[in-house]
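File shown: structure-v8.cif (mmCIF, C-alpha atoms).
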data_model
#
loop_
_atom_site.label_atom_id
_atom_site.label_comp_id
_atom_site.auth_asym_id
_atom_site.auth_seq_id
_atom_site.Cartn_x
_atom_site.Cartn_y
_atom_site.Cartn_z
CA MET A 26 97.33 119.09 60.35
CA ASN A 27 99.22 122.39 60.54
CA GLU A 28 101.94 122.05 63.22
CA LYS A 29 101.42 125.63 64.46
CA LEU A 30 97.72 124.90 64.87
CA LEU A 31 98.45 121.71 66.81
CA LYS A 32 100.60 123.63 69.29
CA ASN A 33 97.50 125.44 70.54
CA ILE A 34 95.43 122.29 71.05
CA ARG A 35 95.42 120.60 74.46
CA GLN A 36 96.22 116.96 73.82
CA VAL A 37 95.97 114.32 76.55
CA GLU A 38 95.97 110.54 76.81
CA PRO A 39 92.40 109.80 77.94
CA TYR A 40 91.23 107.41 80.62
CA THR A 41 90.12 104.02 79.28
CA PRO A 42 86.99 102.72 81.02
CA GLY A 43 86.06 99.06 81.29
CA GLU A 44 84.14 97.52 78.42
CA GLN A 45 80.38 98.11 78.45
CA PRO A 46 78.95 95.21 76.40
CA GLN A 47 75.45 95.82 75.06
CA THR A 48 74.53 92.13 75.01
CA LYS A 49 73.55 89.89 77.93
CA VAL A 50 76.78 88.81 79.65
CA ILE A 51 78.08 88.16 83.15
CA LYS A 52 79.59 91.57 83.76
CA LEU A 53 82.35 91.45 86.36
CA ASN A 54 84.63 94.13 84.92
CA THR A 55 83.49 97.57 86.12
CA ASN A 56 82.79 97.14 89.86
CA GLU A 57 79.09 97.90 89.58
CA ASN A 58 76.76 96.70 92.31
CA PRO A 59 74.95 93.51 91.18
CA TYR A 60 71.81 94.44 93.13
CA PRO A 61 69.21 97.08 92.20
CA PRO A 62 68.98 100.44 93.98
CA ALA A 63 66.84 100.87 97.11
CA PRO A 64 63.08 100.33 96.61
CA GLY A 65 62.42 104.02 97.28
CA VAL A 66 64.45 104.90 94.18
CA ARG A 67 62.05 102.93 91.98
CA SER A 68 59.03 104.61 93.61
CA ALA A 69 60.51 108.10 93.22
CA LEU A 70 61.28 107.45 89.56
CA ALA A 71 57.75 106.21 88.89
CA SER A 72 56.15 109.23 90.56
CA MET A 73 58.42 111.89 89.06
CA SER A 74 56.60 114.43 86.93
CA ILE A 75 58.00 114.72 83.40
CA ASP A 76 57.11 118.41 83.50
CA LYS A 77 59.83 118.93 86.10
CA LEU A 78 62.49 118.22 83.49
CA ARG A 79 61.78 121.51 81.72
CA LEU A 80 63.08 123.36 84.79
CA TYR A 81 66.70 123.88 85.78
CA PRO A 82 67.74 121.82 88.80
CA ASP A 83 68.63 123.45 92.10
CA PRO A 84 72.26 124.58 91.61
CA THR A 85 72.96 124.06 95.32
CA ALA A 86 71.57 120.48 95.20
CA ASP A 87 70.14 121.28 98.63
CA ALA A 88 67.85 118.24 98.95
CA LEU A 89 70.70 115.82 98.27
CA VAL A 90 73.20 117.73 100.37
CA SER A 91 70.71 117.84 103.26
CA ALA A 92 70.09 114.08 103.02
CA LEU A 93 73.82 113.37 103.07
CA ALA A 94 74.35 115.73 105.99
CA GLU A 95 71.64 113.97 107.99
CA CYS A 96 72.99 110.52 107.07
CA TYR A 97 76.52 111.31 108.26
CA ASP A 98 75.60 113.75 111.06
CA LEU A 99 77.38 116.61 109.32
CA LYS A 100 76.52 120.19 108.45
CA LYS A 101 75.55 121.01 104.88
CA GLU A 102 78.63 123.21 104.71
CA ASN A 103 80.74 120.06 104.98
CA LEU A 104 79.47 118.63 101.70
CA PHE A 105 79.97 119.12 97.97
CA VAL A 106 78.18 117.02 95.33
CA GLY A 107 78.98 116.35 91.69
CA VAL A 108 78.32 114.16 88.68
CA GLY A 109 79.93 111.02 90.05
CA SER A 110 83.10 110.98 92.12
CA ASP A 111 85.09 111.46 88.89
CA ASP A 112 83.55 114.91 88.49
CA VAL A 113 84.20 115.71 92.16
CA LEU A 114 87.82 114.52 91.96
CA ALA A 115 88.45 116.43 88.73
CA MET A 116 87.12 119.58 90.42
CA CYS A 117 89.41 118.92 93.38
CA PHE A 118 92.44 118.62 91.07
CA LEU A 119 91.49 121.89 89.37
CA THR A 120 90.85 123.72 92.65
CA PHE A 121 93.54 122.49 95.02
CA PHE A 122 96.54 121.22 93.06
CA ASN A 123 98.04 124.47 91.84
CA SER A 124 101.56 124.32 93.24
CA GLU A 125 104.67 124.10 91.07
CA LYS A 126 105.65 121.12 93.24
CA PRO A 127 104.49 117.66 92.09
CA ILE A 128 101.48 115.98 93.59
CA PHE A 129 101.95 112.41 94.85
CA PHE A 130 99.88 109.30 94.22
CA PRO A 131 100.68 105.56 94.00
CA ASP A 132 102.11 104.08 90.82
CA ILE A 133 99.45 101.35 90.81
CA THR A 134 96.16 103.12 91.45
CA TYR A 135 93.09 104.62 89.79
CA SER A 136 94.29 105.46 86.29
CA PHE A 137 92.30 108.70 86.03
CA TYR A 138 94.73 110.53 88.35
CA ASP A 139 97.50 110.99 85.80
CA VAL A 140 94.91 111.89 83.15
CA TRP A 141 93.62 114.82 85.24
CA ALA A 142 97.17 115.84 86.17
CA ASN A 143 98.14 115.97 82.51
CA LEU A 144 94.91 117.70 81.49
CA TYR A 145 95.39 120.49 84.05
CA ARG A 146 99.19 120.62 83.58
CA ILE A 147 99.82 119.55 87.18
CA PRO A 148 103.26 118.06 87.84
CA PHE A 149 103.10 114.66 89.53
CA GLU A 150 105.24 111.84 90.87
CA CYS A 151 104.05 108.27 91.29
CA GLN A 152 105.23 106.62 94.49
CA LYS A 153 105.82 102.88 94.09
CA VAL A 154 103.68 100.51 96.11
CA ASP A 155 105.65 97.66 97.65
CA GLU A 156 105.77 94.02 96.50
CA ASN A 157 102.48 93.37 98.31
CA PHE A 158 100.84 96.36 96.58
CA ARG A 159 100.80 98.36 99.81
CA ILE A 160 101.46 102.10 99.96
CA ARG A 161 104.72 103.02 101.72
CA LYS A 162 103.65 105.94 103.85
CA GLU A 163 107.21 107.22 104.24
CA ASP A 164 107.26 107.98 100.50
CA TYR A 165 104.66 110.68 101.19
CA TYR A 166 106.73 112.53 103.79
CA LYS A 167 108.71 114.37 101.09
CA GLU A 168 107.88 117.90 100.00
CA ASN A 169 105.04 117.91 97.48
CA GLY A 170 102.16 119.90 96.02
CA GLY A 171 99.39 117.61 97.28
CA VAL A 172 98.53 113.97 97.87
CA ILE A 173 95.76 111.70 96.61
CA PHE A 174 95.22 107.97 97.06
CA PRO A 175 92.24 105.62 97.11
CA ASN A 176 91.41 103.60 100.21
CA PRO A 177 90.79 100.78 99.44
CA ASN A 178 93.15 101.18 96.53
CA ALA A 179 92.06 100.38 93.01
CA PRO A 180 92.70 98.05 91.29
CA THR A 181 94.47 96.20 94.14
CA ALA A 182 91.59 96.24 96.70
CA VAL A 183 94.09 96.88 99.52
CA TYR A 184 92.68 98.83 102.49
CA GLU A 185 94.81 100.78 104.97
CA GLU A 186 93.61 101.31 108.53
CA LEU A 187 92.69 104.79 109.74
CA ASP A 188 95.89 105.33 111.75
CA PHE A 189 97.92 104.69 108.57
CA VAL A 190 95.83 107.20 106.63
CA GLU A 191 96.11 109.75 109.42
CA ASP A 192 99.88 109.41 109.43
CA ILE A 193 100.03 110.52 105.78
CA ILE A 194 97.65 113.41 106.44
CA SER A 195 99.62 114.58 109.48
CA HIS A 196 102.90 114.62 107.50
CA ASN A 197 101.35 116.86 104.83
CA ARG A 198 99.71 119.68 106.76
CA ASP A 199 100.75 122.35 104.22
CA VAL A 200 99.04 120.70 101.24
CA ILE A 201 95.67 119.16 100.45
CA VAL A 202 95.33 115.41 101.00
CA ILE A 203 92.46 113.69 99.16
CA VAL A 204 91.36 110.24 100.28
CA ASP A 205 89.32 108.62 97.51
CA GLU A 206 86.89 106.25 99.25
CA ALA A 207 84.83 104.78 96.41
CA TYR A 208 84.99 101.34 98.04
CA VAL A 209 85.23 102.14 101.75
CA ASP A 210 81.75 100.82 102.58
CA PHE A 211 83.06 97.30 101.86
CA ALA A 212 86.17 97.81 103.97
CA GLY A 213 86.34 99.65 107.29
CA LYS A 214 86.48 103.07 108.88
CA SER A 215 86.26 106.18 106.72
CA ALA A 216 88.70 109.07 106.94
CA MET A 217 85.70 111.39 107.29
CA GLU A 218 86.19 110.84 111.03
CA LEU A 219 89.26 113.07 110.70
CA ILE A 220 87.84 116.11 108.93
CA ASP A 221 87.43 118.13 112.14
CA LYS A 222 91.00 117.35 113.14
CA TYR A 223 92.75 118.18 109.85
CA ASP A 224 91.94 121.27 107.79
CA ASN A 225 93.85 119.88 104.79
CA LEU A 226 91.72 116.74 104.34
CA ILE A 227 89.10 116.02 101.65
CA VAL A 228 87.27 112.69 101.55
CA VAL A 229 85.51 111.69 98.32
CA GLN A 230 82.82 109.01 98.05
CA THR A 231 80.30 107.82 95.46
CA PHE A 232 76.83 106.33 94.97
CA SER A 233 78.13 104.09 92.17
CA LYS A 234 79.29 101.10 94.21
CA SER A 235 77.61 100.45 97.55
CA ARG A 236 74.42 102.35 96.66
CA SER A 237 73.83 100.73 93.23
CA MET A 238 73.57 104.07 91.42
CA ALA A 239 76.40 104.02 88.85
CA GLY A 240 73.92 105.02 86.14
CA MET A 241 72.89 108.18 87.99
CA ARG A 242 76.43 109.58 88.39
CA ILE A 243 76.42 110.96 91.96
CA GLY A 244 79.56 111.66 93.95
CA TYR A 245 80.39 113.87 96.90
CA ALA A 246 83.24 115.39 98.87
CA ILE A 247 83.37 115.77 102.65
CA SER A 248 85.63 118.40 104.19
CA ASN A 249 85.63 121.57 106.28
CA PRO A 250 83.41 124.49 105.18
CA THR A 251 86.34 126.54 103.86
CA LEU A 252 87.53 123.91 101.39
CA ILE A 253 83.95 123.09 100.39
CA LYS A 254 83.38 126.78 99.62
CA TYR A 255 86.46 126.81 97.37
CA LEU A 256 85.08 123.76 95.54
CA ASN A 257 81.70 125.42 95.03
CA ASP A 258 83.37 128.63 93.83
CA ALA A 259 85.21 126.60 91.18
CA LYS A 260 82.02 124.70 90.27
CA TYR A 261 79.96 127.88 89.83
CA SER A 262 82.71 129.31 87.62
CA PHE A 263 82.48 126.19 85.47
CA ASN A 264 78.87 124.92 85.46
CA SER A 265 76.21 125.89 88.00
CA TYR A 266 73.80 123.08 87.11
CA THR A 267 75.91 119.96 87.41
CA MET A 268 73.31 117.70 89.06
CA ASN A 269 70.18 116.90 87.05
CA GLN A 270 66.65 116.74 88.50
CA THR A 271 66.46 112.94 88.34
CA SER A 272 69.80 112.35 90.05
CA LEU A 273 68.88 114.72 92.87
CA ALA A 274 65.50 113.11 93.56
CA LEU A 275 66.70 109.51 93.31
CA GLY A 276 69.88 110.21 95.24
CA VAL A 277 67.85 111.40 98.20
CA GLU A 278 65.85 108.16 98.21
CA ALA A 279 69.00 106.05 97.99
CA ILE A 280 70.38 107.78 101.09
CA LYS A 281 67.19 107.35 103.12
CA ASP A 282 67.09 103.54 103.10
CA LYS A 283 69.91 102.64 105.49
CA GLU A 284 68.60 99.10 106.07
CA TYR A 285 68.66 98.23 102.35
CA PHE A 286 72.11 99.77 101.96
CA GLU A 287 73.52 97.67 104.81
CA GLU A 288 71.81 94.54 103.50
CA THR A 289 73.32 94.77 100.01
CA VAL A 290 76.78 95.67 101.32
CA HIS A 291 76.62 92.64 103.62
CA LYS A 292 75.64 90.35 100.73
CA ILE A 293 78.55 91.58 98.61
CA VAL A 294 81.06 91.20 101.44
CA GLU A 295 79.75 87.72 102.21
CA THR A 296 80.04 86.69 98.55
CA ARG A 297 83.51 88.25 98.37
CA GLU A 298 84.79 86.18 101.28
CA TRP A 299 83.36 83.01 99.73
CA ALA A 300 84.89 83.94 96.36
CA LYS A 301 88.31 84.33 97.98
CA GLU A 302 88.10 80.76 99.25
CA GLU A 303 87.07 79.46 95.83
CA LEU A 304 89.91 81.32 94.10
CA HIS A 305 92.42 79.94 96.59
CA LYS A 306 91.19 76.41 95.86
CA LEU A 307 91.92 77.01 92.18
CA GLY A 308 95.45 78.24 92.95
CA PHE A 309 94.91 81.97 92.44
CA GLU A 310 96.93 84.48 94.43
CA PHE A 311 95.73 87.97 95.42
CA PRO A 312 96.06 90.71 98.03
CA ASP A 313 93.42 90.51 100.74
CA SER A 314 90.46 92.30 99.19
CA LYS A 315 88.47 94.85 101.17
CA ALA A 316 86.55 96.18 98.16
CA ASN A 317 83.81 94.78 95.93
CA PHE A 318 86.38 93.15 93.66
CA ILE A 319 89.40 90.84 93.84
CA PHE A 320 92.73 91.52 92.12
CA ALA A 321 93.98 88.04 91.23
CA THR A 322 96.79 86.26 89.40
CA HIS A 323 97.55 82.60 88.75
CA PRO A 324 101.11 81.23 88.59
CA ASP A 325 100.23 78.71 85.87
CA PHE A 326 97.89 80.63 83.59
CA ASP A 327 98.55 83.72 81.48
CA ALA A 328 96.22 86.55 82.50
CA LYS A 329 95.47 87.75 78.97
CA GLU A 330 94.68 84.24 77.74
CA LEU A 331 92.41 83.69 80.72
CA PHE A 332 90.74 87.05 80.12
CA GLU A 333 90.07 86.18 76.47
CA ALA A 334 88.76 82.71 77.36
CA LEU A 335 86.36 84.20 79.90
CA LYS A 336 85.22 86.85 77.45
CA LYS A 337 84.53 84.22 74.80
CA GLU A 338 82.31 82.49 77.38
CA GLY A 339 80.42 85.76 77.98
CA ILE A 340 82.09 86.49 81.33
CA TYR A 341 83.76 89.91 81.42
CA VAL A 342 86.55 90.74 83.90
CA ARG A 343 89.10 93.59 83.74
CA PHE A 344 92.58 93.16 82.24
CA TRP A 345 95.18 95.92 81.82
CA GLY A 346 98.44 94.29 80.76
CA SER A 347 100.26 97.24 82.34
CA ARG A 348 103.74 97.08 83.82
CA ARG A 349 103.86 95.31 87.20
CA ILE A 350 100.25 94.09 86.88
CA GLU A 351 100.36 92.43 83.46
CA GLN A 352 99.46 89.05 84.99
CA TYR A 353 96.53 90.27 87.08
CA LEU A 354 92.79 90.29 86.49
CA ARG A 355 90.32 92.38 88.45
CA ILE A 356 87.15 90.43 89.18
CA THR A 357 84.08 92.33 90.38
CA ILE A 358 81.94 90.58 92.98
CA GLY A 359 78.63 89.72 91.32
CA THR A 360 75.68 87.80 92.65
CA ARG A 361 76.32 84.32 94.05
CA LYS A 362 74.82 82.89 90.84
CA GLU A 363 77.16 84.94 88.64
CA MET A 364 80.19 83.99 90.71
CA LYS A 365 79.24 80.29 90.57
CA ALA A 366 79.12 80.54 86.76
CA LEU A 367 82.60 82.09 86.83
CA PHE A 368 84.02 79.29 88.98
CA THR A 369 82.30 76.57 86.96
CA PHE A 370 84.01 77.86 83.83
CA LEU A 371 87.38 78.32 85.55
CA ARG A 372 87.38 74.76 86.89
CA THR A 373 86.59 73.38 83.42
CA TYR A 374 89.14 75.59 81.67
CA MET A 375 91.95 74.96 84.14
CA ASN A 376 91.47 71.20 84.13
CA LYS A 377 91.75 70.89 80.34
CA GLY A 378 95.50 70.45 80.46
CA GLU A 379 95.46 67.73 83.11
#
Represent the structure from my file as structure tokens, please.
Amino acid sequence: MNEKLLKNIRQVEPYTPGEQPQTKVIKLNTNENPYPPAPGVRSALASMSIDKLRLYPDPTADALVSALAECYDLKKENLFVGVGSDDVLAMCFLTFFNSEKPIFFPDITYSFYDVWANLYRIPFECQKVDENFRIRKEDYYKENGGVIFPNPNAPTAVYEELDFVEDIISHNRDVIVIVDEAYVDFAGKSAMELIDKYDNLIVVQTFSKSRSMAGMRIGYAISNPTLIKYLNDAKYSFNSYTMNQTSLALGVEAIKDKEYFEETVHKIVETREWAKEELHKLGFEFPDSKANFIFATHPDFDAKELFEALKKEGIYVRFWGSRRIEQYLRITIGTRKEMKALFTFLRTYMNKGE
């Protein structure tokens, strides 16, 4: 292609999602919830009028925003919703990271961050996590153009307590700090407790993990009304109708059923703790997981070979082969039955050489 033409084309290295096999497999590679959405979601879907789809959805997503506000005892002005947390985070990058100074995020983290930074021409610096995959908070005291990190981190599953998170926020009062909490419901306290204390804080969460709604693509940001207004201004300059009619209606029902939400989260956490014990018995090593996945390595087995062997058996886990984590696999917590199948195969495979 003409070199002059290419100069005017924005070229980026895209994010690579986990494999989405179309055949029946044990799918432990994309951190989806193994349980169905709340019963009210099924009922709402069955009763939805097809005629409603000819109409534009409410651009303010008021029903969903109101349900979230009631759930978290917030005002509607504290909330922004989007098409999955990826959409919300991308809008945050576009809206708030406009300094000539680099934004900071960990070197081992959600791999979409550098994609958005490159897409929007935002300078960035990756701060190295330590040998235990923990963030070094002192690395975020330096001058910067903004900070973002997940808590728990992905793909490591490491969770930092609220006082640790607050320390980073308090050392960066002149820039926006985004805490990406896709997995916080499996971990501990949320940084949303701090939004009234810090006017530079944005907390982002999702329906994809703990609420079993990855297929609906619903995410949201929690912050003070001023920052939420800036997000909405950017959204309405880009696409007013981001949330479709179905996502809005089903999202409301997912929020309503607190008992079901707590039940499924409890089952996943319970299975996770059991899975940790089983992995330890097999000689795996991993950071203490506080997410719905475990980031594991084995001193005697090559990660890629193990990944391929599992895949051949119809068990999908996530493998990157990236620097510093080339010997790690990320294993989503499935149902107890799915996890038992995983461990049955691992025991057979690992005992072959004995």
Residues in the PyMOL selection byres ((chain A and resi 91-106) around 6), expressed as a PyMOL selection string:
chain A and resi 87-90+107+244-250+277
Write out as an NGL selection string each polymer residue whose atoms come within 10 Å of Glu351 (chain A), counting all atoms listed in the file; drop sequence neighbours fewer than 6 positions from it.
:A and (322 or 327-329 or 344-345)
Since I can't run it myself right now, could you work out what the PyMOL selection byres ((chain A and resi 237) around 6) selects here and report it as an MDAnalysis selection string?
chainID A and resid 58 61:62 233:236 238
Residues at most 10 Å from region 256-266 of chain A, counting all atoms listed in the file, excluding those fewer than 4 positions away in the same chain, as a PyMOL selection string?
chain A and resi 81-86+104-107+113+116-117+119-121+246+250-252+270
Apply the PyMOL selection byres ((chain A and resi 364) around 10) to the file shown and report the selected residues as an mmCIF file with C-alpha atoms, keeping the file's coordinate frame.
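So selection02.cif came out as:
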data_model
loop_
_atom_site.group_PDB
_atom_site.id
_atom_site.type_symbol
_atom_site.label_atom_id
_atom_site.label_comp_id
_atom_site.auth_asym_id
_atom_site.auth_seq_id
_atom_site.Cartn_x
_atom_site.Cartn_y
_atom_site.Cartn_z
ATOM 1 C CA ILE A 51 78.080 88.160 83.150
ATOM 2 C CA LEU A 53 82.350 91.450 86.360
ATOM 3 C CA THR A 296 80.040 86.690 98.550
ATOM 4 C CA ARG A 297 83.510 88.250 98.370
ATOM 5 C CA TRP A 299 83.360 83.010 99.730
ATOM 6 C CA ALA A 300 84.890 83.940 96.360
ATOM 7 C CA GLU A 303 87.070 79.460 95.830
ATOM 8 C CA ILE A 340 82.090 86.490 81.330
ATOM 9 C CA ILE A 356 87.150 90.430 89.180
ATOM 10 C CA THR A 357 84.080 92.330 90.380
ATOM 11 C CA ILE A 358 81.940 90.580 92.980
ATOM 12 C CA GLY A 359 78.630 89.720 91.320
ATOM 13 C CA THR A 360 75.680 87.800 92.650
ATOM 14 C CA ARG A 361 76.320 84.320 94.050
ATOM 15 C CA LYS A 362 74.820 82.890 90.840
ATOM 16 C CA GLU A 363 77.160 84.940 88.640
ATOM 17 C CA LYS A 365 79.240 80.290 90.570
ATOM 18 C CA ALA A 366 79.120 80.540 86.760
ATOM 19 C CA LEU A 367 82.600 82.090 86.830
ATOM 20 C CA PHE A 368 84.020 79.290 88.980
ATOM 21 C CA THR A 369 82.300 76.570 86.960
ATOM 22 C CA PHE A 370 84.010 77.860 83.830
#
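When all atoms listed in the file are used to measure the gap to Val228 (chain A), the shortest distance among A:Tyr165, A:Asn269, A:Asn176, A:Lys32 belongs to A:Asn176.
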Rebuild region 111-136 of chain A to N, CA and C atoms - output it as a JSON list (two decimals), in the frame of the given file, please.
[["chain", "number", "residue", "atom", "x", "y", "z"],
["A", 111, "ASP", "N", 84.11, 110.98, 89.88],
["A", 111, "ASP", "CA", 85.09, 111.46, 88.89],
["A", 111, "ASP", "C", 84.99, 112.97, 88.70],
["A", 112, "ASP", "N", 83.77, 113.48, 88.62],
["A", 112, "ASP", "CA", 83.55, 114.91, 88.49],
["A", 112, "ASP", "C", 84.06, 115.65, 89.73],
["A", 113, "VAL", "N", 83.77, 115.09, 90.90],
["A", 113, "VAL", "CA", 84.20, 115.71, 92.16],
["A", 113, "VAL", "C", 85.73, 115.72, 92.24],
["A", 114, "LEU", "N", 86.35, 114.60, 91.91],
["A", 114, "LEU", "CA", 87.82, 114.52, 91.96],
["A", 114, "LEU", "C", 88.47, 115.47, 90.94],
["A", 115, "ALA", "N", 87.91, 115.52, 89.74],
["A", 115, "ALA", "CA", 88.45, 116.43, 88.73],
["A", 115, "ALA", "C", 88.37, 117.88, 89.21],
["A", 116, "MET", "N", 87.26, 118.23, 89.87],
["A", 116, "MET", "CA", 87.12, 119.58, 90.42],
["A", 116, "MET", "C", 88.12, 119.83, 91.54],
["A", 117, "CYS", "N", 88.41, 118.80, 92.32],
["A", 117, "CYS", "CA", 89.41, 118.92, 93.38],
["A", 117, "CYS", "C", 90.80, 119.16, 92.78],
["A", 118, "PHE", "N", 91.15, 118.42, 91.74],
["A", 118, "PHE", "CA", 92.44, 118.62, 91.07],
["A", 118, "PHE", "C", 92.55, 120.06, 90.58],
["A", 119, "LEU", "N", 91.49, 120.53, 89.93],
["A", 119, "LEU", "CA", 91.49, 121.89, 89.37],
["A", 119, "LEU", "C", 91.60, 122.95, 90.46],
["A", 120, "THR", "N", 90.94, 122.72, 91.59],
["A", 120, "THR", "CA", 90.85, 123.72, 92.65],
["A", 120, "THR", "C", 92.07, 123.73, 93.56],
["A", 121, "PHE", "N", 92.57, 122.56, 93.93],
["A", 121, "PHE", "CA", 93.54, 122.49, 95.02],
["A", 121, "PHE", "C", 94.97, 122.14, 94.63],
["A", 122, "PHE", "N", 95.18, 121.62, 93.45],
["A", 122, "PHE", "CA", 96.54, 121.22, 93.06],
["A", 122, "PHE", "C", 97.12, 122.25, 92.09],
["A", 123, "ASN", "N", 97.55, 123.36, 92.67],
["A", 123, "ASN", "CA", 98.04, 124.47, 91.84],
["A", 123, "ASN", "C", 99.47, 124.89, 92.19],
["A", 124, "SER", "N", 100.18, 124.03, 92.90],
["A", 124, "SER", "CA", 101.56, 124.32, 93.24],
["A", 124, "SER", "C", 102.48, 123.95, 92.07],
["A", 125, "GLU", "N", 103.67, 124.51, 92.06],
["A", 125, "GLU", "CA", 104.67, 124.10, 91.07],
["A", 125, "GLU", "C", 105.33, 122.79, 91.49],
["A", 126, "LYS", "N", 105.09, 122.39, 92.75],
["A", 126, "LYS", "CA", 105.65, 121.12, 93.24],
["A", 126, "LYS", "C", 104.75, 119.98, 92.77],
["A", 127, "PRO", "N", 105.29, 118.78, 92.58],
["A", 127, "PRO", "CA", 104.49, 117.66, 92.09],
["A", 127, "PRO", "C", 103.54, 117.11, 93.15],
["A", 128, "ILE", "N", 102.37, 116.71, 92.70],
["A", 128, "ILE", "CA", 101.48, 115.98, 93.59],
["A", 128, "ILE", "C", 101.92, 114.51, 93.62],
["A", 129, "PHE", "N", 101.57, 113.81, 94.69],
["A", 129, "PHE", "CA", 101.95, 112.41, 94.85],
["A", 129, "PHE", "C", 100.72, 111.51, 94.81],
["A", 130, "PHE", "N", 100.86, 110.39, 94.12],
["A", 130, "PHE", "CA", 99.88, 109.30, 94.22],
["A", 130, "PHE", "C", 100.58, 107.99, 93.87],
["A", 131, "PRO", "N", 100.00, 106.84, 94.23],
["A", 131, "PRO", "CA", 100.68, 105.56, 94.00],
["A", 131, "PRO", "C", 100.88, 105.26, 92.51],
["A", 132, "ASP", "N", 101.86, 104.42, 92.22],
["A", 132, "ASP", "CA", 102.11, 104.08, 90.82],
["A", 132, "ASP", "C", 101.09, 103.06, 90.30],
["A", 133, "ILE", "N", 100.54, 102.25, 91.19],
["A", 133, "ILE", "CA", 99.45, 101.35, 90.81],
["A", 133, "ILE", "C", 98.21, 101.84, 91.55],
["A", 134, "THR", "N", 97.32, 102.47, 90.82],
["A", 134, "THR", "CA", 96.16, 103.12, 91.45],
["A", 134, "THR", "C", 95.13, 103.43, 90.38],
["A", 135, "TYR", "N", 94.14, 104.22, 90.73],
["A", 135, "TYR", "CA", 93.09, 104.62, 89.79],
["A", 135, "TYR", "C", 93.73, 105.40, 88.64],
["A", 136, "SER", "N", 93.53, 104.92, 87.42],
["A", 136, "SER", "CA", 94.29, 105.46, 86.29],
["A", 136, "SER", "C", 93.76, 106.77, 85.75]]
